[in-house]
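**Student:** I am sharing my_file38.cif, which consists of mmCIF, N, CA, C and O atoms:
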```cif
data_model
loop_
_atom_site.label_atom_id
_atom_site.label_comp_id
_atom_site.auth_asym_id
_atom_site.auth_seq_id
_atom_site.Cartn_x
_atom_site.Cartn_y
_atom_site.Cartn_z
N MET A 1 120.46 70.54 108.81
CA MET A 1 120.07 71.30 109.96
C MET A 1 118.91 72.23 109.60
O MET A 1 118.96 72.92 108.60
N ALA A 2 117.88 72.26 110.37
CA ALA A 2 116.71 73.09 110.11
C ALA A 2 116.93 74.49 110.68
O ALA A 2 117.52 74.65 111.73
N THR A 3 116.46 75.45 109.92
CA THR A 3 116.54 76.82 110.43
C THR A 3 115.19 77.17 111.05
O THR A 3 114.15 76.67 110.62
N THR A 4 115.25 77.99 112.04
CA THR A 4 114.01 78.40 112.68
C THR A 4 113.72 79.84 112.35
O THR A 4 114.63 80.65 112.21
N SER A 5 112.47 80.14 112.21
CA SER A 5 112.03 81.51 111.95
C SER A 5 111.91 82.22 113.28
O SER A 5 111.63 81.60 114.31
N PRO A 6 112.09 83.54 113.24
CA PRO A 6 111.88 84.27 114.50
C PRO A 6 110.42 84.16 114.90
O PRO A 6 109.54 83.98 114.05
N PRO A 7 110.17 84.24 116.19
CA PRO A 7 108.77 84.15 116.63
C PRO A 7 107.96 85.30 116.07
O PRO A 7 108.47 86.41 115.88
N PRO A 8 106.69 85.05 115.74
CA PRO A 8 105.85 86.13 115.19
C PRO A 8 105.65 87.23 116.23
O PRO A 8 105.58 86.97 117.43
N THR A 9 105.57 88.45 115.73
CA THR A 9 105.31 89.59 116.61
C THR A 9 104.14 90.38 116.02
O THR A 9 103.75 90.19 114.88
N ASP A 10 103.60 91.27 116.82
CA ASP A 10 102.53 92.13 116.34
C ASP A 10 103.07 93.40 115.71
O ASP A 10 102.31 94.21 115.20
N ASP A 11 104.39 93.59 115.75
CA ASP A 11 105.01 94.79 115.18
C ASP A 11 105.42 94.52 113.74
O ASP A 11 106.12 93.56 113.46
N PRO A 12 104.97 95.39 112.82
CA PRO A 12 105.41 95.21 111.44
C PRO A 12 106.88 95.59 111.31
O PRO A 12 107.44 96.28 112.16
N ALA A 13 107.50 95.12 110.26
CA ALA A 13 108.89 95.48 109.99
C ALA A 13 109.00 97.00 109.88
O ALA A 13 108.05 97.65 109.43
N PRO A 14 110.12 97.57 110.30
CA PRO A 14 110.27 99.03 110.26
C PRO A 14 110.01 99.64 108.89
O PRO A 14 109.40 100.71 108.80
N ASP A 15 110.42 98.97 107.83
CA ASP A 15 110.20 99.53 106.49
C ASP A 15 108.71 99.51 106.12
O ASP A 15 108.21 100.43 105.47
N LEU A 16 107.99 98.51 106.58
CA LEU A 16 106.54 98.46 106.33
C LEU A 16 105.83 99.55 107.12
O LEU A 16 104.89 100.17 106.62
N GLN A 17 106.28 99.79 108.33
CA GLN A 17 105.69 100.85 109.15
C GLN A 17 105.95 102.21 108.51
O GLN A 17 105.06 103.07 108.45
N ALA A 18 107.16 102.43 108.02
CA ALA A 18 107.50 103.70 107.38
C ALA A 18 106.66 103.91 106.13
O ALA A 18 106.17 105.01 105.87
N ALA A 19 106.46 102.86 105.34
CA ALA A 19 105.63 102.96 104.14
C ALA A 19 104.19 103.25 104.51
O ALA A 19 103.52 104.06 103.86
N SER A 20 103.71 102.62 105.56
CA SER A 20 102.34 102.87 106.02
C SER A 20 102.18 104.31 106.48
O SER A 20 101.18 104.97 106.17
N ASP A 21 103.16 104.83 107.19
CA ASP A 21 103.12 106.23 107.64
C ASP A 21 103.10 107.19 106.46
O ASP A 21 102.37 108.18 106.46
N LEU A 22 103.89 106.89 105.43
CA LEU A 22 103.92 107.71 104.23
C LEU A 22 102.55 107.72 103.54
O LEU A 22 102.02 108.79 103.20
N LEU A 23 101.97 106.55 103.37
CA LEU A 23 100.68 106.46 102.70
C LEU A 23 99.58 107.13 103.52
O LEU A 23 98.68 107.76 102.96
N ARG A 24 99.66 107.04 104.84
CA ARG A 24 98.68 107.71 105.70
C ARG A 24 98.79 109.23 105.53
O ARG A 24 97.78 109.92 105.48
N ALA A 25 100.02 109.74 105.42
CA ALA A 25 100.22 111.18 105.24
C ALA A 25 99.66 111.65 103.90
O ALA A 25 99.26 112.80 103.76
N LEU A 26 99.61 110.77 102.92
CA LEU A 26 99.10 111.12 101.60
C LEU A 26 97.60 110.88 101.45
O LEU A 26 97.01 111.24 100.44
N ALA A 27 96.98 110.30 102.45
CA ALA A 27 95.59 109.85 102.36
C ALA A 27 94.58 110.99 102.47
O ALA A 27 93.72 111.00 103.34
N SER A 28 94.69 111.94 101.56
CA SER A 28 93.74 113.05 101.49
C SER A 28 93.78 113.61 100.08
O SER A 28 94.86 113.81 99.53
N PRO A 29 92.62 113.86 99.48
CA PRO A 29 92.63 114.44 98.13
C PRO A 29 93.39 115.77 98.06
O PRO A 29 94.08 116.02 97.07
N VAL A 30 93.30 116.58 99.10
CA VAL A 30 94.00 117.87 99.08
C VAL A 30 95.51 117.64 99.13
O VAL A 30 96.27 118.26 98.38
N ARG A 31 95.97 116.72 99.97
CA ARG A 31 97.42 116.45 100.05
C ARG A 31 97.92 115.84 98.76
O ARG A 31 99.03 116.16 98.30
N LEU A 32 97.14 114.96 98.14
CA LEU A 32 97.54 114.42 96.83
C LEU A 32 97.64 115.54 95.81
O LEU A 32 98.57 115.57 95.00
N GLY A 33 96.69 116.47 95.84
CA GLY A 33 96.73 117.61 94.93
C GLY A 33 97.94 118.48 95.16
O GLY A 33 98.58 118.96 94.21
N ILE A 34 98.30 118.69 96.42
CA ILE A 34 99.49 119.49 96.73
C ILE A 34 100.73 118.82 96.16
O ILE A 34 101.55 119.47 95.50
N VAL A 35 100.87 117.52 96.38
CA VAL A 35 102.04 116.80 95.86
C VAL A 35 102.05 116.86 94.34
O VAL A 35 103.10 117.09 93.73
N ARG A 36 100.89 116.69 93.72
CA ARG A 36 100.82 116.77 92.25
C ARG A 36 101.29 118.13 91.77
O ARG A 36 102.07 118.24 90.82
N GLU A 37 100.86 119.20 92.43
CA GLU A 37 101.27 120.55 92.03
C GLU A 37 102.76 120.76 92.26
O GLU A 37 103.44 121.38 91.44
N LEU A 38 103.28 120.26 93.37
CA LEU A 38 104.70 120.45 93.69
C LEU A 38 105.61 119.58 92.83
O LEU A 38 106.82 119.82 92.78
N ALA A 39 105.04 118.57 92.16
CA ALA A 39 105.84 117.74 91.27
C ALA A 39 106.45 118.57 90.14
O ALA A 39 107.49 118.22 89.60
N GLY A 40 105.80 119.69 89.82
CA GLY A 40 106.31 120.57 88.77
C GLY A 40 107.30 121.61 89.28
O GLY A 40 107.80 122.42 88.51
N GLY A 41 107.57 121.61 90.57
CA GLY A 41 108.51 122.56 91.16
C GLY A 41 107.90 123.27 92.34
O GLY A 41 106.71 123.12 92.64
N GLY A 42 108.72 124.05 93.03
CA GLY A 42 108.29 124.75 94.23
C GLY A 42 107.16 125.73 93.96
O GLY A 42 107.05 126.31 92.88
N LYS A 43 106.30 125.88 94.95
CA LYS A 43 105.15 126.78 94.83
C LYS A 43 104.92 127.49 96.16
O LYS A 43 105.23 126.97 97.23
N TYR A 44 104.33 128.68 96.06
CA TYR A 44 103.90 129.43 97.23
C TYR A 44 102.48 129.01 97.58
O TYR A 44 101.75 128.47 96.74
N VAL A 45 102.07 129.29 98.82
CA VAL A 45 100.75 128.88 99.28
C VAL A 45 99.66 129.44 98.38
O VAL A 45 98.73 128.71 98.00
N HIS A 46 99.76 130.71 98.00
CA HIS A 46 98.69 131.29 97.17
C HIS A 46 98.60 130.59 95.81
O HIS A 46 97.52 130.47 95.25
N GLU A 47 99.72 130.08 95.30
CA GLU A 47 99.68 129.33 94.04
C GLU A 47 98.97 128.00 94.23
O GLU A 47 98.21 127.56 93.35
N LEU A 48 99.20 127.35 95.36
CA LEU A 48 98.52 126.09 95.65
C LEU A 48 97.03 126.32 95.85
O LEU A 48 96.21 125.53 95.37
N VAL A 49 96.67 127.40 96.53
CA VAL A 49 95.26 127.75 96.74
C VAL A 49 94.57 127.92 95.39
O VAL A 49 93.49 127.37 95.16
N ASN A 50 95.19 128.68 94.49
CA ASN A 50 94.61 128.91 93.16
C ASN A 50 94.50 127.62 92.35
O ASN A 50 93.48 127.37 91.71
N ALA A 51 95.53 126.80 92.40
CA ALA A 51 95.53 125.57 91.61
C ALA A 51 94.52 124.55 92.12
O ALA A 51 93.89 123.84 91.33
N LEU A 52 94.35 124.48 93.43
CA LEU A 52 93.47 123.47 94.02
C LEU A 52 92.05 123.96 94.25
O LEU A 52 91.14 123.15 94.45
N GLY A 53 91.85 125.26 94.27
CA GLY A 53 90.51 125.81 94.47
C GLY A 53 89.96 125.59 95.87
O GLY A 53 88.76 125.41 96.05
N VAL A 54 90.85 125.57 96.86
CA VAL A 54 90.44 125.44 98.25
C VAL A 54 90.99 126.62 99.04
O VAL A 54 91.81 127.39 98.54
N SER A 55 90.56 126.76 100.28
CA SER A 55 90.94 127.92 101.08
C SER A 55 92.41 127.86 101.53
O SER A 55 93.00 126.78 101.64
N GLN A 56 92.94 129.03 101.82
CA GLN A 56 94.32 129.12 102.30
C GLN A 56 94.51 128.39 103.63
O GLN A 56 95.49 127.66 103.79
N PRO A 57 93.58 128.54 104.60
CA PRO A 57 93.77 127.80 105.84
C PRO A 57 93.80 126.28 105.64
O PRO A 57 94.56 125.56 106.29
N LEU A 58 92.99 125.78 104.70
CA LEU A 58 92.97 124.35 104.43
C LEU A 58 94.29 123.89 103.82
O LEU A 58 94.85 122.86 104.22
N VAL A 59 94.81 124.66 102.87
CA VAL A 59 96.10 124.32 102.26
C VAL A 59 97.19 124.33 103.33
O VAL A 59 98.02 123.42 103.41
N SER A 60 97.19 125.35 104.17
CA SER A 60 98.21 125.45 105.23
C SER A 60 98.14 124.27 106.19
O SER A 60 99.16 123.72 106.61
N GLN A 61 96.92 123.85 106.54
CA GLN A 61 96.74 122.71 107.43
C GLN A 61 97.34 121.45 106.80
O GLN A 61 98.04 120.68 107.47
N HIS A 62 97.08 121.22 105.53
CA HIS A 62 97.60 120.03 104.87
C HIS A 62 99.11 120.12 104.65
O HIS A 62 99.80 119.10 104.72
N LEU A 63 99.62 121.31 104.42
CA LEU A 63 101.07 121.47 104.30
C LEU A 63 101.76 121.12 105.61
O LEU A 63 102.85 120.55 105.61
N ARG A 64 101.13 121.44 106.74
CA ARG A 64 101.70 121.08 108.05
C ARG A 64 101.84 119.56 108.17
O ARG A 64 102.86 119.06 108.65
N VAL A 65 100.83 118.83 107.72
CA VAL A 65 100.90 117.37 107.77
C VAL A 65 102.03 116.87 106.88
O VAL A 65 102.83 116.01 107.28
N LEU A 66 102.12 117.41 105.67
CA LEU A 66 103.16 116.98 104.73
C LEU A 66 104.56 117.35 105.22
O LEU A 66 105.51 116.59 105.04
N ARG A 67 104.69 118.49 105.86
CA ARG A 67 105.99 118.88 106.45
C ARG A 67 106.34 117.96 107.60
O ARG A 67 107.49 117.52 107.74
N GLY A 68 105.36 117.66 108.44
CA GLY A 68 105.59 116.77 109.57
C GLY A 68 106.01 115.37 109.15
O GLY A 68 106.74 114.69 109.87
N SER A 69 105.58 114.97 107.98
CA SER A 69 105.95 113.66 107.43
C SER A 69 107.20 113.74 106.55
O SER A 69 107.57 112.76 105.92
N ARG A 70 107.78 114.91 106.49
CA ARG A 70 109.00 115.17 105.69
C ARG A 70 108.80 114.89 104.20
O ARG A 70 109.71 114.48 103.51
N ILE A 71 107.58 115.11 103.73
CA ILE A 71 107.28 114.96 102.31
C ILE A 71 107.58 116.27 101.59
O ILE A 71 108.03 116.26 100.45
N VAL A 72 107.33 117.39 102.26
CA VAL A 72 107.65 118.70 101.68
C VAL A 72 108.57 119.47 102.61
O VAL A 72 108.63 119.22 103.82
N THR A 73 109.29 120.39 102.03
CA THR A 73 110.14 121.31 102.78
C THR A 73 109.67 122.72 102.50
O THR A 73 109.04 122.99 101.47
N ALA A 74 109.97 123.61 103.41
CA ALA A 74 109.57 125.01 103.29
C ALA A 74 110.82 125.88 103.30
O ALA A 74 111.75 125.64 104.06
N ARG A 75 110.79 126.90 102.43
CA ARG A 75 111.89 127.86 102.38
C ARG A 75 111.29 129.25 102.39
O ARG A 75 110.52 129.62 101.50
N ARG A 76 111.63 129.99 103.42
CA ARG A 76 111.11 131.34 103.58
C ARG A 76 111.82 132.28 102.62
O ARG A 76 113.04 132.28 102.52
N GLN A 77 111.02 133.08 101.89
CA GLN A 77 111.55 134.09 100.98
C GLN A 77 110.78 135.38 101.24
O GLN A 77 109.63 135.50 100.85
N ALA A 78 111.45 136.31 101.91
CA ALA A 78 110.83 137.58 102.29
C ALA A 78 109.58 137.30 103.12
O ALA A 78 109.67 136.70 104.17
N ARG A 79 108.41 137.71 102.63
CA ARG A 79 107.17 137.52 103.39
C ARG A 79 106.44 136.24 103.04
O ARG A 79 105.39 135.95 103.61
N GLU A 80 106.95 135.48 102.10
CA GLU A 80 106.26 134.26 101.67
C GLU A 80 107.14 133.04 101.91
O GLU A 80 108.35 133.15 102.06
N THR A 81 106.48 131.90 101.91
CA THR A 81 107.18 130.62 102.06
C THR A 81 106.92 129.79 100.82
O THR A 81 105.79 129.63 100.40
N GLN A 82 108.01 129.28 100.26
CA GLN A 82 107.89 128.42 99.09
C GLN A 82 108.02 126.97 99.55
O GLN A 82 108.91 126.63 100.32
N TYR A 83 107.11 126.13 99.07
CA TYR A 83 107.10 124.72 99.41
C TYR A 83 107.58 123.89 98.24
O TYR A 83 107.25 124.18 97.09
N SER A 84 108.36 122.86 98.55
CA SER A 84 108.89 121.95 97.54
C SER A 84 108.83 120.53 98.07
O SER A 84 108.80 120.32 99.29
N LEU A 85 108.85 119.58 97.16
CA LEU A 85 108.93 118.19 97.57
C LEU A 85 110.34 117.89 98.07
O LEU A 85 111.32 118.41 97.52
N THR A 86 110.42 117.07 99.09
CA THR A 86 111.73 116.69 99.62
C THR A 86 112.51 115.89 98.58
O THR A 86 113.71 116.08 98.43
N ASP A 87 111.82 115.00 97.88
CA ASP A 87 112.43 114.27 96.76
C ASP A 87 111.34 113.85 95.78
O ASP A 87 110.16 113.99 96.07
N ASP A 88 111.75 113.36 94.64
CA ASP A 88 110.80 113.03 93.58
C ASP A 88 110.09 111.69 93.76
O ASP A 88 109.14 111.40 93.05
N HIS A 89 110.54 110.87 94.69
CA HIS A 89 109.93 109.55 94.86
C HIS A 89 108.44 109.64 95.16
O HIS A 89 107.64 108.90 94.60
N VAL A 90 108.08 110.53 96.05
CA VAL A 90 106.67 110.67 96.44
C VAL A 90 105.84 111.15 95.25
O VAL A 90 104.72 110.71 95.06
N ALA A 91 106.41 112.05 94.45
CA ALA A 91 105.69 112.53 93.27
C ALA A 91 105.37 111.36 92.34
O ALA A 91 104.26 111.28 91.80
N HIS A 92 106.30 110.46 92.15
CA HIS A 92 106.06 109.30 91.29
C HIS A 92 104.93 108.43 91.84
O HIS A 92 104.06 107.99 91.09
N ILE A 93 104.92 108.22 93.14
CA ILE A 93 103.87 107.41 93.77
C ILE A 93 102.51 108.06 93.53
O ILE A 93 101.55 107.41 93.10
N VAL A 94 102.42 109.36 93.79
CA VAL A 94 101.15 110.07 93.66
C VAL A 94 100.70 110.14 92.20
O VAL A 94 99.54 109.86 91.89
N LEU A 95 101.61 110.50 91.31
CA LEU A 95 101.23 110.62 89.90
C LEU A 95 100.83 109.27 89.33
O LEU A 95 99.87 109.18 88.54
N ASP A 96 101.52 108.19 89.73
CA ASP A 96 101.13 106.85 89.28
C ASP A 96 99.75 106.47 89.82
O ASP A 96 98.94 105.88 89.11
N ALA A 97 99.47 106.81 91.08
CA ALA A 97 98.17 106.50 91.67
C ALA A 97 97.05 107.26 90.95
O ALA A 97 95.98 106.70 90.68
N ILE A 98 97.30 108.52 90.60
CA ILE A 98 96.30 109.31 89.88
C ILE A 98 96.05 108.71 88.49
O ILE A 98 94.91 108.55 88.07
N ARG A 99 97.13 108.37 87.80
CA ARG A 99 96.98 107.74 86.48
C ARG A 99 96.22 106.42 86.59
O ARG A 99 95.34 106.13 85.78
N HIS A 100 96.54 105.62 87.58
CA HIS A 100 95.87 104.36 87.77
C HIS A 100 94.38 104.55 88.04
O HIS A 100 93.54 103.81 87.51
N ALA A 101 94.03 105.54 88.83
CA ALA A 101 92.63 105.81 89.14
C ALA A 101 91.84 106.24 87.91
O ALA A 101 90.64 106.02 87.83
N ARG A 102 92.50 106.87 86.96
CA ARG A 102 91.84 107.32 85.73
C ARG A 102 91.56 106.19 84.76
O ARG A 102 90.75 106.34 83.86
N GLU A 103 92.27 105.07 84.91
CA GLU A 103 92.11 103.94 83.96
C GLU A 103 90.79 103.24 84.13
O GLU A 103 90.18 103.18 85.12
#
```
Would you mind writing the structure in this file as structure tokens?
**Tutor:**
Amino acid sequence: MATTSPPPTDDPAPDLQAASDLLRALASPVRLGIVRELAGGGKYVHELVNALGVSQPLVSQHLRVLRGSRIVTARRQARETQYSLTDDHVAHIVLDAIRHARE
């Protein structure tokens, strides 16, 4: 008995769409830098600004994208907010991509 494949669709599989969304959220040198910095642990915005050498508004804008994609989480502490990676998987992807680019 022959099996039939489902008819082709223009919609990618949900897991492929989720992976594409993740990579799109990372598709910025500043966001890659933020993830690289957060791979070492939680950081405040001023620490990210100092490490990346870009303005505070720019870091905040990119953090909003990363939060919206659930790549980073924010925890308010007094007058500051500390940002951390949601999990280490994204850090591995970013750090591997950076290492690969250096080769």
**Student:** If I take atom CA of Asn50 of chain A and atom CA of Ile98 of chain A, how far is one from the other in Å, to one decimal?
**Tutor:**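 Atom CA of Ile98 of chain A lies 19.9 Å from atom CA of Asn50 of chain A.
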**Student:** Let me make sure I understand: among A:Leu95, A:Ala101, A:Val54, A:Arg24, which one has the smallest atom-to-atom distance to Arg36 of chain A if we use all atoms listed in the file?
**Tutor:**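 Looking only at the distances to Arg36 of chain A, the closest residue turns out to be A:Leu95.
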**Student:** Report as a list in words all protein, DNA and RNA residues lying within 7 Å of Gly41 of chain A, evaluated on all atoms listed in the file, omitting residues in the same chain fewer than 5 positions from it.
**Tutor:**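 Using all atoms listed in the file, the neighbours found are Ile34, Arg36, Tyr83, Ser84 and Leu85 of chain A.
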**Student:** How many Å separate atom CA of Glu103 of chain A from atom CA of Ser20 of chain A?
**Tutor:**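 Atom-to-atom, atom CA of Glu103 of chain A to atom CA of Ser20 of chain A, that is 24.3 Å.
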**Student:** Pick the closest to Ser69 of chain A from A:Val30, A:Leu22, A:Leu38, A:Val94: which is it, counting all atoms listed in the file?
**Tutor:**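 That would be A:Leu22, the residue with the smallest distance to Ser69 of chain A.
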**Student:** Under the PyMOL selection byres (((chain A and resi 52 and name CA) around 12) and name CA), which residues of this model are included? Write them out as a list in words.
**Tutor:**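 After applying the PyMOL selection byres (((chain A and resi 52 and name CA) around 12) and name CA), what remains is Pro29, Val30, Arg31, Leu32, Gly33, Ile34, Val35, Arg36, Glu37, Leu38, Val45, His46, Glu47, Leu48, Val49, Asn50, Ala51, Gly53, Val54, Ser55, Gln56, Leu58 and Val59 of chain A.
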**Student:** Atom CA of Thr73 of chain A and atom CA of Asp21 of chain A, how far apart in Å?
**Tutor:**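 Here the two named atoms are 17.3 Å from each other.
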